[in-house]
>>> print(open('input-v9.cif').read())   # mmCIF, C-alpha atoms
data_entry
loop_
_atom_site.label_atom_id
_atom_site.label_comp_id
_atom_site.auth_asym_id
_atom_site.auth_seq_id
_atom_site.Cartn_x
_atom_site.Cartn_y
_atom_site.Cartn_z
CA MET A 247 125.73 123.25 101.67
CA MET A 248 125.02 125.56 104.61
CA ALA A 249 124.40 128.53 102.30
CA ALA A 250 122.02 126.44 100.16
CA LEU A 251 120.06 125.42 103.25
CA ILE A 252 119.89 129.04 104.44
CA LEU A 253 118.74 130.15 100.99
CA ALA A 254 115.97 127.54 100.78
CA CYS A 255 114.66 128.27 104.31
CA SER A 256 114.93 132.04 103.80
CA VAL A 257 112.89 131.98 100.60
CA VAL A 258 110.13 129.89 102.21
CA PHE A 259 109.98 132.07 105.35
CA LEU A 260 110.21 135.25 103.27
CA LEU A 261 107.19 134.24 101.19
CA GLN A 262 105.21 133.37 104.31
CA PHE A 263 106.01 136.70 105.95
CA PHE A 264 105.32 138.62 102.77
CA VAL A 265 101.89 136.99 102.33
CA SER A 266 100.99 137.60 105.98
CA TYR A 267 102.21 141.20 105.82
CA CYS A 268 100.11 141.91 102.71
CA ARG A 269 97.10 140.25 104.32
CA SER A 270 97.54 142.50 107.36
CA LEU A 271 97.38 145.54 105.03
CA ILE A 272 94.31 144.16 103.28
CA ALA A 273 92.61 143.20 106.57
CA ALA A 274 92.37 146.86 107.59
CA SER A 275 90.29 147.65 104.48
CA ALA A 276 87.93 144.67 104.88
CA LYS A 277 85.81 146.52 107.48
CA HIS A 278 85.35 149.54 105.20
CA ASP A 279 82.06 149.64 103.25
CA LEU A 280 82.43 150.83 99.67
CA SER A 281 80.46 153.93 98.79
CA ALA A 282 77.74 153.71 96.15
CA GLU A 283 79.79 156.14 94.06
CA VAL A 284 82.81 153.82 93.89
CA LEU A 285 80.62 150.82 93.15
CA ASP A 286 79.11 152.83 90.33
CA VAL A 287 82.42 154.12 88.92
CA THR A 288 84.18 150.77 89.06
CA GLY A 289 81.18 148.68 88.05
CA LEU A 290 81.91 146.35 90.97
CA SER A 291 79.25 144.40 92.79
CA ARG A 292 79.39 143.77 96.56
CA ASN A 293 81.32 140.59 95.77
CA THR A 294 84.57 141.65 94.10
CA SER A 295 86.60 139.49 91.76
CA GLY A 296 90.31 139.28 91.04
CA GLU A 297 89.61 139.96 87.38
CA ASP A 298 88.66 143.56 88.24
CA PHE A 299 91.94 144.37 90.00
CA ALA A 300 93.76 145.83 86.97
CA ARG A 301 90.79 148.04 86.09
CA VAL A 302 90.39 149.38 89.63
CA VAL A 303 94.13 150.09 89.85
CA GLN A 304 93.94 152.00 86.56
CA LEU A 305 91.18 154.16 88.03
CA LEU A 306 93.28 154.54 91.17
CA LEU A 307 96.17 155.89 89.13
CA LEU A 308 93.89 158.54 87.62
CA CYS A 309 93.18 159.96 91.07
CA PRO A 310 95.53 162.43 92.78
CA ASP A 311 98.12 160.53 94.77
CA ARG A 312 97.93 160.26 98.56
CA PRO A 313 101.48 159.79 99.83
CA ASP A 314 100.40 157.70 102.82
CA ASP A 315 98.84 154.89 100.77
CA ARG A 316 101.48 154.65 98.04
CA SER A 317 103.58 151.93 99.69
CA GLU A 318 100.46 149.94 100.63
CA VAL A 319 99.26 149.94 97.01
CA ARG A 320 102.68 148.81 95.77
CA ALA A 321 102.92 146.00 98.33
CA VAL A 322 99.41 144.73 97.55
CA GLY A 323 100.11 145.06 93.80
CA ALA A 324 103.19 142.84 94.25
CA TYR A 325 101.09 140.39 96.28
CA PHE A 326 98.45 140.29 93.53
CA ARG A 327 101.13 139.55 90.90
CA LEU A 328 102.52 136.79 93.11
CA LEU A 329 99.03 135.28 93.44
CA SER A 330 98.47 135.48 89.69
CA PHE A 331 101.81 133.76 89.11
CA VAL A 332 100.91 130.98 91.54
CA ARG A 333 97.49 130.65 89.91
CA ALA A 334 99.09 130.24 86.48
CA THR A 335 101.65 127.69 87.67
CA LEU A 336 101.21 125.86 90.96
CA ALA A 337 97.40 126.01 91.14
CA ARG A 338 97.20 123.93 87.94
CA ILE A 339 98.96 121.12 89.76
CA VAL A 340 97.13 121.66 93.07
CA PRO A 341 93.52 122.53 92.14
CA SER A 342 92.49 122.89 95.81
CA ALA A 343 94.63 126.04 95.99
CA GLN A 344 92.55 127.66 93.25
CA ALA A 345 89.65 128.73 95.50
CA TRP A 346 92.00 130.24 98.10
CA ILE A 347 93.90 132.18 95.44
CA GLU A 348 90.68 133.51 93.94
CA ARG A 349 89.50 134.66 97.35
CA GLU A 350 92.81 136.42 97.97
CA ARG A 351 92.74 138.09 94.54
CA ALA A 352 89.20 139.30 95.21
CA GLN A 353 90.36 140.81 98.53
CA CYS A 354 93.18 142.61 96.68
CA THR A 355 90.52 144.13 94.39
CA TYR A 356 88.44 145.14 97.40
CA PHE A 357 91.51 146.77 98.94
CA ALA A 358 92.16 148.72 95.70
CA ALA A 359 88.50 149.84 95.62
CA VAL A 360 88.68 151.03 99.25
CA THR A 361 91.86 152.97 98.42
CA LEU A 362 90.08 154.50 95.43
CA ASP A 363 87.21 155.49 97.71
CA ARG A 364 89.66 157.19 100.10
CA ARG A 365 91.45 158.99 97.27
CA ILE A 366 88.17 160.32 95.91
CA ALA A 367 87.25 161.60 99.38
CA PHE A 368 90.74 163.11 99.73
CA SER A 369 90.44 164.90 96.34
CA ARG A 370 87.00 166.19 97.29
CA ASP A 371 88.36 167.59 100.56
CA LEU A 372 91.23 169.25 98.71
CA LEU A 373 88.81 170.84 96.25
CA ALA A 374 86.57 172.04 99.08
CA GLN A 375 89.57 173.60 100.83
CA GLN A 376 90.60 175.39 97.63
CA ILE A 377 87.08 176.74 97.08
CA GLU A 378 86.95 178.01 100.68
CA ALA A 379 90.35 179.66 100.29
CA MET B 34 124.80 150.55 89.60
CA SER B 35 126.38 153.96 89.14
CA GLY B 36 127.80 156.05 91.97
CA LEU B 37 124.93 158.51 91.57
CA ALA B 38 122.31 155.76 91.98
CA ALA B 39 124.14 154.54 95.08
CA PHE B 40 124.06 158.07 96.52
CA VAL B 41 120.35 158.38 95.80
CA ILE B 42 119.52 155.01 97.40
CA LEU B 43 121.65 155.80 100.45
CA SER B 44 119.98 159.19 100.82
CA VAL B 45 116.47 157.70 100.50
CA GLY B 46 117.38 155.04 103.08
CA THR B 47 118.73 157.66 105.51
CA LEU B 48 115.59 159.79 105.13
CA LEU B 49 113.34 156.80 105.75
CA GLU B 50 115.35 155.80 108.83
CA ALA B 51 115.02 159.34 110.19
CA LEU B 52 111.30 159.27 109.35
CA VAL B 53 110.78 156.15 111.48
CA VAL B 54 112.28 157.90 114.51
CA VAL B 55 110.30 161.10 113.83
CA CYS B 56 107.03 159.16 113.49
CA ALA B 57 107.76 157.22 116.70
CA VAL B 58 108.55 160.43 118.60
CA ARG B 59 105.43 162.14 117.24
CA ARG B 60 103.25 159.22 118.27
CA LYS B 61 105.02 159.05 121.66
CA LEU B 62 106.20 155.53 120.90
CA PHE B 63 109.94 156.22 121.01
CA ARG B 64 110.53 154.88 124.51
CA ARG B 65 108.10 152.02 124.09
CA TYR B 66 109.94 150.75 121.00
CA PHE B 67 113.32 152.03 122.14
CA PHE B 68 115.49 149.25 120.65
CA LEU B 69 113.80 149.49 117.25
CA ASN B 70 114.34 153.25 117.24
CA LEU B 71 117.91 152.82 118.43
CA TYR B 72 118.50 150.50 115.49
CA MET B 73 117.09 153.12 113.11
CA ILE B 74 119.31 155.84 114.62
CA LEU B 75 122.36 153.58 114.22
CA CYS B 76 121.28 152.85 110.63
CA ALA B 77 121.08 156.56 109.90
CA PHE B 78 124.59 157.11 111.31
CA ALA B 79 125.93 154.12 109.36
CA SER B 80 124.33 155.52 106.19
CA LEU B 81 126.02 158.86 106.78
CA GLY B 82 129.35 157.04 107.23
CA ARG B 83 128.76 155.03 104.06
CA TRP B 84 127.86 158.24 102.26
CA GLN B 85 131.17 159.77 103.32
CA VAL B 86 133.25 156.71 102.33
CA LEU B 87 131.35 156.44 99.04
CA LYS B 88 132.09 160.08 98.28
CA GLN B 89 135.81 159.72 99.06
CA GLU B 90 136.61 156.23 97.81
CA GLY B 91 133.94 155.35 95.23
CA LEU B 92 131.42 152.54 94.92
CA LYS B 93 133.82 149.84 93.78
CA SER B 94 136.56 150.57 96.30
CA LEU B 95 137.54 147.98 98.88
CA SER B 96 137.23 150.57 101.64
CA TYR B 97 133.55 151.07 100.84
CA ARG B 98 132.90 147.33 100.79
CA TYR B 99 134.70 146.78 104.10
CA PHE B 100 132.88 149.71 105.67
CA TYR B 101 129.56 148.51 104.28
CA PHE B 102 129.82 144.92 105.49
CA TYR B 103 131.38 145.66 108.88
CA SER B 104 128.80 148.34 109.64
CA ASP B 105 126.11 145.93 108.44
CA ALA B 106 127.35 143.27 110.89
CA VAL B 107 127.14 145.78 113.76
CA LEU B 108 123.66 146.86 112.65
CA THR B 109 122.51 143.25 112.46
CA ILE B 110 123.55 142.77 116.10
CA ALA B 111 121.54 145.88 117.03
CA LEU B 112 118.54 144.57 115.11
CA PHE B 113 118.91 141.25 116.88
CA PHE B 114 118.35 143.06 120.19
CA GLY B 115 115.44 144.93 118.61
CA LEU B 116 113.89 141.57 117.83
CA ILE B 117 114.40 140.38 121.40
CA SER B 118 112.60 143.53 122.60
CA LEU B 119 109.61 142.48 120.46
CA TYR B 120 109.72 139.08 122.20
CA MET B 121 109.45 140.93 125.51
CA PHE B 122 106.32 142.73 124.30
CA VAL B 123 104.62 139.53 123.26
CA PHE B 124 105.58 137.69 126.45
CA GLU B 125 105.40 140.68 128.78
CA GLU B 126 102.79 139.11 131.03
CA MET B 127 104.92 136.02 131.62
CA LYS B 128 107.84 137.96 133.16
CA LEU B 129 110.47 136.17 131.10
CA GLU B 130 112.71 139.18 130.35
CA ARG B 131 115.78 137.77 132.14
CA TYR B 132 115.63 134.50 130.23
CA PHE B 133 115.19 136.26 126.89
CA ARG B 134 118.18 138.51 127.55
CA LEU B 135 120.32 135.54 128.58
CA GLY B 136 119.12 133.49 125.61
CA ALA B 137 119.84 136.36 123.21
CA VAL B 138 123.41 136.76 124.47
CA VAL B 139 124.08 133.01 124.30
CA LEU B 140 122.61 132.81 120.78
CA LEU B 141 124.60 135.82 119.63
CA ALA B 142 127.85 134.41 121.07
CA GLY B 143 127.08 131.04 119.48
CA THR B 144 126.47 132.61 116.07
CA CYS B 145 129.74 134.59 116.32
CA TRP B 146 131.63 131.45 117.27
CA PHE B 147 130.03 129.45 114.44
CA SER B 148 130.85 132.19 111.90
CA TYR B 149 134.44 132.31 113.17
CA ALA B 150 134.72 128.52 112.90
CA VAL B 151 133.48 128.58 109.29
CA VAL B 152 135.73 131.45 108.26
CA SER B 153 138.85 130.21 110.09
CA GLN B 154 139.04 127.31 107.62
CA SER B 155 140.25 129.87 105.07
CA SER B 156 142.36 131.89 107.47
CA HIS B 157 144.03 134.03 104.78
CA LYS B 158 140.64 135.58 104.07
CA MET B 159 139.59 135.88 107.68
CA LEU B 160 139.19 139.63 107.80
CA THR B 161 137.35 139.76 104.48
CA TYR B 162 134.81 137.07 105.15
CA PHE B 163 134.10 137.22 108.87
CA ALA B 164 131.71 140.20 108.73
CA PHE B 165 129.98 138.73 105.68
CA GLU B 166 129.57 135.28 107.25
CA LEU B 167 128.45 136.77 110.58
CA SER B 168 125.82 138.95 108.89
CA GLN B 169 124.48 136.02 106.87
CA ASN B 170 124.23 133.80 109.94
CA LEU B 171 122.74 136.51 112.13
CA TYR B 172 120.14 137.33 109.49
CA PHE B 173 119.23 133.67 109.34
CA VAL B 174 119.07 133.28 113.12
CA GLY B 175 116.99 136.48 113.21
CA LEU B 176 114.67 135.04 110.58
CA VAL B 177 114.16 131.82 112.53
CA LEU B 178 113.56 133.78 115.75
CA THR B 179 111.05 136.03 113.96
CA TYR B 180 109.27 132.94 112.68
CA VAL B 181 109.09 131.55 116.22
CA LEU B 182 107.78 134.93 117.43
CA TRP B 183 105.13 134.92 114.68
CA ALA B 184 104.07 131.42 115.74
CA ALA B 185 103.82 132.70 119.34
CA ILE B 186 101.71 135.64 118.19
CA LEU B 187 99.31 133.26 116.47
CA LYS B 188 99.24 130.89 119.43
CA LEU B 189 98.76 133.62 122.06
CA ARG B 190 96.22 135.44 119.86
CA GLU B 191 98.13 138.69 120.05
CA THR B 192 95.91 141.29 118.37
CA ARG B 193 97.90 144.56 118.42
CA THR B 194 98.07 145.57 114.75
CA LEU B 195 101.15 147.73 115.21
CA LEU B 196 103.12 144.94 116.86
CA VAL B 197 101.97 142.42 114.24
CA GLN B 198 103.03 144.70 111.37
CA LEU B 199 106.42 145.42 112.97
CA VAL B 200 107.07 141.70 113.38
CA LEU B 201 105.92 140.77 109.86
CA SER B 202 107.97 143.46 108.16
CA LEU B 203 110.98 142.40 110.23
CA GLY B 204 110.42 138.84 108.98
CA VAL B 205 110.32 140.01 105.36
CA PHE B 206 113.52 142.00 105.87
CA PHE B 207 115.39 139.15 107.60
CA GLY B 208 114.21 136.70 104.94
CA ALA B 209 115.23 138.90 102.02
CA SER B 210 118.61 139.71 103.59
CA ALA B 211 119.45 136.11 104.52
CA ALA B 212 118.47 134.95 101.02
CA THR B 213 120.59 137.66 99.38
CA TYR B 214 123.67 136.88 101.48
CA SER B 215 123.36 133.15 100.88
CA VAL B 216 122.97 133.63 97.09
CA SER B 217 126.19 135.60 97.14
CA ASN B 218 127.86 132.87 99.21
CA LEU B 219 126.69 130.16 96.82
CA HIS B 220 127.69 132.06 93.67
CA PRO B 221 130.49 134.52 94.40
CA THR B 222 130.25 135.70 90.77
CA LEU B 223 126.91 137.27 91.68
CA PHE B 224 128.50 139.30 94.47
CA SER B 225 128.54 142.59 92.56
CA TYR B 226 124.80 142.31 91.77
CA VAL B 227 124.03 141.33 95.35
CA HIS B 228 126.16 144.17 96.67
CA ASN B 229 124.02 146.59 94.65
CA LEU B 230 120.77 145.00 95.79
CA MET B 231 121.48 145.23 99.52
CA PRO B 232 121.08 149.02 99.97
CA ILE B 233 117.75 148.83 98.07
CA MET B 234 116.54 146.11 100.42
CA GLY B 235 117.81 148.16 103.33
CA CYS B 236 115.11 150.74 102.48
CA LEU B 237 112.28 148.20 102.88
CA LEU B 238 112.40 147.89 106.65
CA PRO B 239 112.39 151.65 107.44
CA LEU B 240 109.66 152.10 104.82
CA SER B 241 107.35 149.55 106.41
CA TRP B 242 108.14 150.66 109.98
CA ALA B 243 107.60 154.31 109.10
CA TYR B 244 104.25 153.31 107.62
CA ALA B 245 103.35 151.33 110.75
CA PHE B 246 104.33 154.13 113.16
CA TRP B 247 102.67 156.75 111.00
CA ARG B 248 99.40 155.12 110.04
CA VAL B 249 98.52 152.29 112.40
CA PRO B 250 96.72 153.55 115.52
CA ASP B 251 98.13 152.29 118.81
CA ASP B 252 94.79 150.75 119.79
CA ALA B 253 94.12 149.10 116.40
CA ARG B 254 93.42 145.41 116.64
CA LEU B 255 93.23 142.53 114.15
CA THR B 256 92.89 138.78 114.20
CA PRO B 257 96.33 137.33 113.41
CA ALA B 258 94.89 133.88 112.71
CA ARG B 259 93.30 135.37 109.57
CA LEU B 260 96.73 136.46 108.32
CA ALA B 261 98.40 133.07 108.52
CA VAL B 262 99.10 131.43 105.18
CA VAL B 263 97.86 128.12 106.54
CA PRO B 264 94.45 128.79 108.14
CA ARG B 265 94.26 127.98 111.86
#
>>> encode(input="input-v9.cif", output="structure tokens")
Amino acid sequence: MMAALILACSVVFLLQFFVSYCRSLIAASAKHDLSAEVLDVTGLSRNTSGEDFARVVQLLLLCPDRPDDRSEVRAVGAYFRLLSFVRATLARIVPSAQAWIERERAQCTYFAAVTLDRRIAFSRDLLAQQIEA
Amino acid sequence: MSGLAAFVILSVGTLLEALVVVCAVRRKLFRRYFFLNLYMILCAFASLGRWQVLKQEGLKSLSYRYFYFYSDAVLTIALFFGLISLYMFVFEEMKLERYFRLGAVVLLAGTCWFSYAVVSQSSHKMLTYFAFELSQNLYFVGLVLTYVLWAAILKLRETRTLLVQLVLSLGVFFGASAATYSVSNLHPTLFSYVHNLMPIMGCLLPLSWAYAFWRVPDDARLTPARLAVVPR
């Protein structure tokens, strides 16, 4: 009985902390303006949509990896999958959650686009360093 | 999980734990977050001990399991004090350190007593289950305390990004650990799977703390109310 209670509470708290943690990662990218180049490459408009997330992540994977954003991308990817799961299940029963989920999914896409922007800048710096050397 | 995989996971965990301390020292945050760093140092030593026992006795040996769960119980107590140190940061202007210390000791003693009371009902398995029960209960108490701390952060409008990320990742770790222990308690047949999952989860906390110490500037600020699941 005690273990069941602990399990139920732990899962609820865990989800809350996980969502807040991912939102804290995404919040840092919200202030960053996307470059015209990234908007062009990804075909995104200023208002991103959750539907573009997979495409932006695919572009992200084509870029040389930056070790310091790898764990962020994984955490936000897991958050996006969680949101998509909730959208496909719970949001059908609670339609009011739909708008919130869509907003969150769009922010995940924006985060991925900002990361892409940073990776492109990183690759360009690397190339410049190699040319100088 | 094979012995090799266990070695790899232990090694990754140890490296990440060392990385947290290195990042904190580099950023001159070691003394400021002393209890969190102390926990990471203890974790690294425990991992080295586990590595040694794993090498000598093997993954499925009783010695390894005893060593794993007893060292985990000790580490959980250390993390408990790390959590209390985060409380002191959030409430530092209120000068409540003495009360937090006293409360932490009382809560810790109460959890130990409760775990003993539960386990003593099956006294023939006392030694086997005490560490397991204590860890489960301490993780749960830690989770509840982290939740209360998160509520205080939202209420007091604490904006330090580093502190917020440390607290949130601690909450994720406590939640995942408490859930894993309780699943194993509910279905003992799942113990072997759970036992394999725990070292993997043990890598999550050093990973997120290393990230926070490495990347998040000390003066970075955010609005915690925007992070809450239920908008405030």
>>> closest_residue(input="input-v9.cif", among="A:Phe357, A:Phe264, A:Phe326, A:Phe331", to="chain B", atoms="all atoms listed in the file")
A:Phe264
>>> closest_atom_pairs(input="input-v9.cif", of="chain B", to="chain A", cutoff="7 Å", atoms="all atoms listed in the file", output="CSV")
residue,atom,partner,partner_atom,distance
B:Phe173,CA,A:Ile252,CA,6.8
B:Gln198,CA,A:Tyr267,CA,6.6
B:Leu201,CA,A:Tyr267,CA,5.5
B:Ser202,CA,A:Tyr267,CA,6.6
B:Gly204,CA,A:Phe263,CA,5.8
B:Val205,CA,A:Leu260,CA,5.2
B:Gly208,CA,A:Leu260,CA,4.6
B:Ala209,CA,A:Leu260,CA,6.3
B:Ala211,CA,A:Ser256,CA,6.1
B:Ala212,CA,A:Leu253,CA,4.8
B:Ser215,CA,A:Ala249,CA,4.9
B:Val216,CA,A:Leu253,CA,6.7
B:Asn218,CA,A:Ala249,CA,6.4
B:Leu219,CA,A:Ala249,CA,6.2
B:Leu260,CA,A:Ser266,CA,5.0
B:Ala261,CA,A:Ser266,CA,5.8
B:Val262,CA,A:Gln262,CA,6.5
>>> resolve_selection(input="input-v9.cif", expression="the PyMOL selection byres ((chain A and resi 323) around 10)", output="count of residues only")
19
>>> residues_around(input="input-v9.cif", residues="Ala79 (chain B)", least_positions_apart="6", cutoff="12 Å", atoms="only C-alpha atoms", output="ChimeraX atom specification")
/B:43-44,46-47,50,72-73,85-87,97,100-109,232,235
>>> atom_distance(input="input-v9.cif", atom1="CA of Val360 (chain A)", atom2="CA of Ser275 (chain A)")
6.4 Å
>>> closest_residue(input="input-v9.cif", among="B:Ala243, B:Leu135, B:Ala258, B:Leu95", to="Val55 (chain B)", atoms="only C-alpha atoms")
B:Ala243
>>> axis_aligned_box(input="input-v9.cif", around="region 281-287 of chain A", padding_each_side="5 Å", output="AutoDock Vina command-line options")
--center_x 80.3 --center_y 153.5 --center_z 93.9 --size_x 15.1 --size_y 15.3 --size_z 19.9
>>> closest_residue(input="input-v9.cif", among="B:Arg134, B:Leu141, B:Lys93, B:Thr192", to="Arg254 (chain B)", atoms="only C-alpha atoms")
B:Thr192
>>> residues_around(input="input-v9.cif", residues="Ala345 (chain A)", least_positions_apart="5", cutoff="12 Å", atoms="all atoms listed in the file", output="MDAnalysis selection string")
chainID A and resid 295:296 329 333 337:338 340 350:352
>>> atom_distance(input="input-v9.cif", atom1="CA of Leu92 (chain B)", atom2="CA of Leu48 (chain B)")
20.2 Å
>>> resolve_selection(input="input-v9.cif", expression="the PyMOL selection byres ((chain B and resi 178) around 12)", output="tab-separated table (two decimals) with C-alpha atoms, keeping the file's coordinate frame")
chain	number	residue	atom	x	y	z
A	259	PHE	CA	109.98	132.07	105.35
B	112	LEU	CA	118.54	144.57	115.11
B	113	PHE	CA	118.91	141.25	116.88
B	114	PHE	CA	118.35	143.06	120.19
B	115	GLY	CA	115.44	144.93	118.61
B	116	LEU	CA	113.89	141.57	117.83
B	117	ILE	CA	114.40	140.38	121.40
B	118	SER	CA	112.60	143.53	122.60
B	119	LEU	CA	109.61	142.48	120.46
B	120	TYR	CA	109.72	139.08	122.20
B	133	PHE	CA	115.19	136.26	126.89
B	136	GLY	CA	119.12	133.49	125.61
B	137	ALA	CA	119.84	136.36	123.21
B	140	LEU	CA	122.61	132.81	120.78
B	141	LEU	CA	124.60	135.82	119.63
B	171	LEU	CA	122.74	136.51	112.13
B	172	TYR	CA	120.14	137.33	109.49
B	173	PHE	CA	119.23	133.67	109.34
B	174	VAL	CA	119.07	133.28	113.12
B	175	GLY	CA	116.99	136.48	113.21
B	176	LEU	CA	114.67	135.04	110.58
B	177	VAL	CA	114.16	131.82	112.53
B	179	THR	CA	111.05	136.03	113.96
B	180	TYR	CA	109.27	132.94	112.68
B	181	VAL	CA	109.09	131.55	116.22
B	182	LEU	CA	107.78	134.93	117.43
B	183	TRP	CA	105.13	134.92	114.68
B	184	ALA	CA	104.07	131.42	115.74
B	185	ALA	CA	103.82	132.70	119.34
B	200	VAL	CA	107.07	141.70	113.38
B	201	LEU	CA	105.92	140.77	109.86
B	203	LEU	CA	110.98	142.40	110.23
B	204	GLY	CA	110.42	138.84	108.98
B	207	PHE	CA	115.39	139.15	107.60
B	208	GLY	CA	114.21	136.70	104.94
>>> closest_residue(input="input-v9.cif", among="A:Asp363, A:Glu297, A:Asp371, A:Asp311", to="Ser330 (chain A)", atoms="all atoms listed in the file")
A:Glu297
>>> residues_near_point(input="input-v9.cif", point="(84.0, 151.2, 95.1)", cutoff="6 Å", atoms="only C-alpha atoms", output="ChimeraX atom specification")
/A:280-281,284-285,359,363
>>> write_last_selection(input="input-v9.cif", atoms="C-alpha atoms", output="PDB file, in the frame of the given file")
ATOM      1  CA  LEU A 280      82.430 150.830  99.670  1.00  0.00           C
ATOM      2  CA  SER A 281      80.460 153.930  98.790  1.00  0.00           C
ATOM      3  CA  VAL A 284      82.810 153.820  93.890  1.00  0.00           C
ATOM      4  CA  LEU A 285      80.620 150.820  93.150  1.00  0.00           C
ATOM      5  CA  ALA A 359      88.500 149.840  95.620  1.00  0.00           C
ATOM      6  CA  ASP A 363      87.210 155.490  97.710  1.00  0.00           C
TER       7      ASP A 363
END
>>> atom_distance(input="input-v9.cif", atom1="CA of Arg292 (chain A)", atom2="CA of Arg364 (chain A)")
17.3 Å
>>> closest_residue(input="input-v9.cif", among="B:Pro221, B:Pro239, B:Pro257, B:Pro250", to="Leu189 (chain B)", atoms="only C-alpha atoms")
B:Pro257
>>> closest_residue(input="input-v9.cif", among="B:Tyr214, B:Ser148, B:Glu191, B:Phe67", to="Val123 (chain B)", atoms="all atoms listed in the file")
B:Glu191
>>> residues_around(input="input-v9.cif", residues="Tyr66 (chain B)", least_positions_apart="4", cutoff="10 Å", atoms="only C-alpha atoms", output="NGL selection string")
:B and (54 or 57 or 61-62 or 70-71 or 115 or 118-119 or 122 or 196)
>>> residues_around(input="input-v9.cif", residues="Arg193 (chain B)", least_positions_apart="3", cutoff="8 Å", atoms="all atoms listed in the file", output="mmCIF file with C-alpha atoms, in the coordinates of the input")
data_model
loop_
_atom_site.group_PDB
_atom_site.id
_atom_site.type_symbol
_atom_site.label_atom_id
_atom_site.label_comp_id
_atom_site.auth_asym_id
_atom_site.auth_seq_id
_atom_site.Cartn_x
_atom_site.Cartn_y
_atom_site.Cartn_z
ATOM 1 C CA LEU B 196 103.120 144.940 116.860
ATOM 2 C CA VAL B 197 101.970 142.420 114.240
ATOM 3 C CA ASP B 251 98.130 152.290 118.810
ATOM 4 C CA ASP B 252 94.790 150.750 119.790
ATOM 5 C CA ALA B 253 94.120 149.100 116.400
ATOM 6 C CA ARG B 254 93.420 145.410 116.640
ATOM 7 C CA LEU B 255 93.230 142.530 114.150
#
>>> build_atoms(input="input-v9.cif", residues="region 69-81 of chain B", atoms="N, CA and C atoms", output="PDB file, in the frame of the given file")
ATOM      1  N   LEU B  69     114.051 149.370 118.687  1.00  0.00           N
ATOM      2  CA  LEU B  69     113.800 149.490 117.250  1.00  0.00           C
ATOM      3  C   LEU B  69     114.240 150.878 116.769  1.00  0.00           C
ATOM      4  N   ASN B  70     113.942 151.887 117.593  1.00  0.00           N
ATOM      5  CA  ASN B  70     114.340 153.250 117.240  1.00  0.00           C
ATOM      6  C   ASN B  70     115.858 153.417 117.320  1.00  0.00           C
ATOM      7  N   LEU B  71     116.446 152.755 118.318  1.00  0.00           N
ATOM      8  CA  LEU B  71     117.910 152.820 118.430  1.00  0.00           C
ATOM      9  C   LEU B  71     118.555 152.232 117.172  1.00  0.00           C
ATOM     10  N   TYR B  72     117.983 151.121 116.718  1.00  0.00           N
ATOM     11  CA  TYR B  72     118.500 150.500 115.490  1.00  0.00           C
ATOM     12  C   TYR B  72     118.406 151.478 114.313  1.00  0.00           C
ATOM     13  N   MET B  73     117.264 152.176 114.225  1.00  0.00           N
ATOM     14  CA  MET B  73     117.090 153.120 113.110  1.00  0.00           C
ATOM     15  C   MET B  73     118.073 154.286 113.209  1.00  0.00           C
ATOM     16  N   ILE B  74     118.340 154.745 114.434  1.00  0.00           N
ATOM     17  CA  ILE B  74     119.310 155.840 114.620  1.00  0.00           C
ATOM     18  C   ILE B  74     120.699 155.351 114.193  1.00  0.00           C
ATOM     19  N   LEU B  75     121.049 154.133 114.614  1.00  0.00           N
ATOM     20  CA  LEU B  75     122.360 153.580 114.220  1.00  0.00           C
ATOM     21  C   LEU B  75     122.446 153.421 112.707  1.00  0.00           C
ATOM     22  N   CYS B  76     121.328 153.002 112.103  1.00  0.00           N
ATOM     23  CA  CYS B  76     121.280 152.850 110.630  1.00  0.00           C
ATOM     24  C   CYS B  76     121.547 154.196 109.959  1.00  0.00           C
ATOM     25  N   ALA B  77     120.920 155.238 110.508  1.00  0.00           N
ATOM     26  CA  ALA B  77     121.080 156.560 109.900  1.00  0.00           C
ATOM     27  C   ALA B  77     122.547 157.003 110.000  1.00  0.00           C
ATOM     28  N   PHE B  78     123.179 156.746 111.164  1.00  0.00           N
ATOM     29  CA  PHE B  78     124.590 157.110 111.310  1.00  0.00           C
ATOM     30  C   PHE B  78     125.474 156.282 110.360  1.00  0.00           C
ATOM     31  N   ALA B  79     125.155 154.983 110.272  1.00  0.00           N
ATOM     32  CA  ALA B  79     125.930 154.120 109.360  1.00  0.00           C
ATOM     33  C   ALA B  79     125.777 154.606 107.918  1.00  0.00           C
ATOM     34  N   SER B  80     124.554 155.025 107.555  1.00  0.00           N
ATOM     35  CA  SER B  80     124.330 155.520 106.190  1.00  0.00           C
ATOM     36  C   SER B  80     125.146 156.787 105.931  1.00  0.00           C
ATOM     37  N   LEU B  81     125.227 157.639 106.953  1.00  0.00           N
ATOM     38  CA  LEU B  81     126.020 158.860 106.780  1.00  0.00           C
ATOM     39  C   LEU B  81     127.502 158.504 106.590  1.00  0.00           C
TER      40      LEU B  81
END
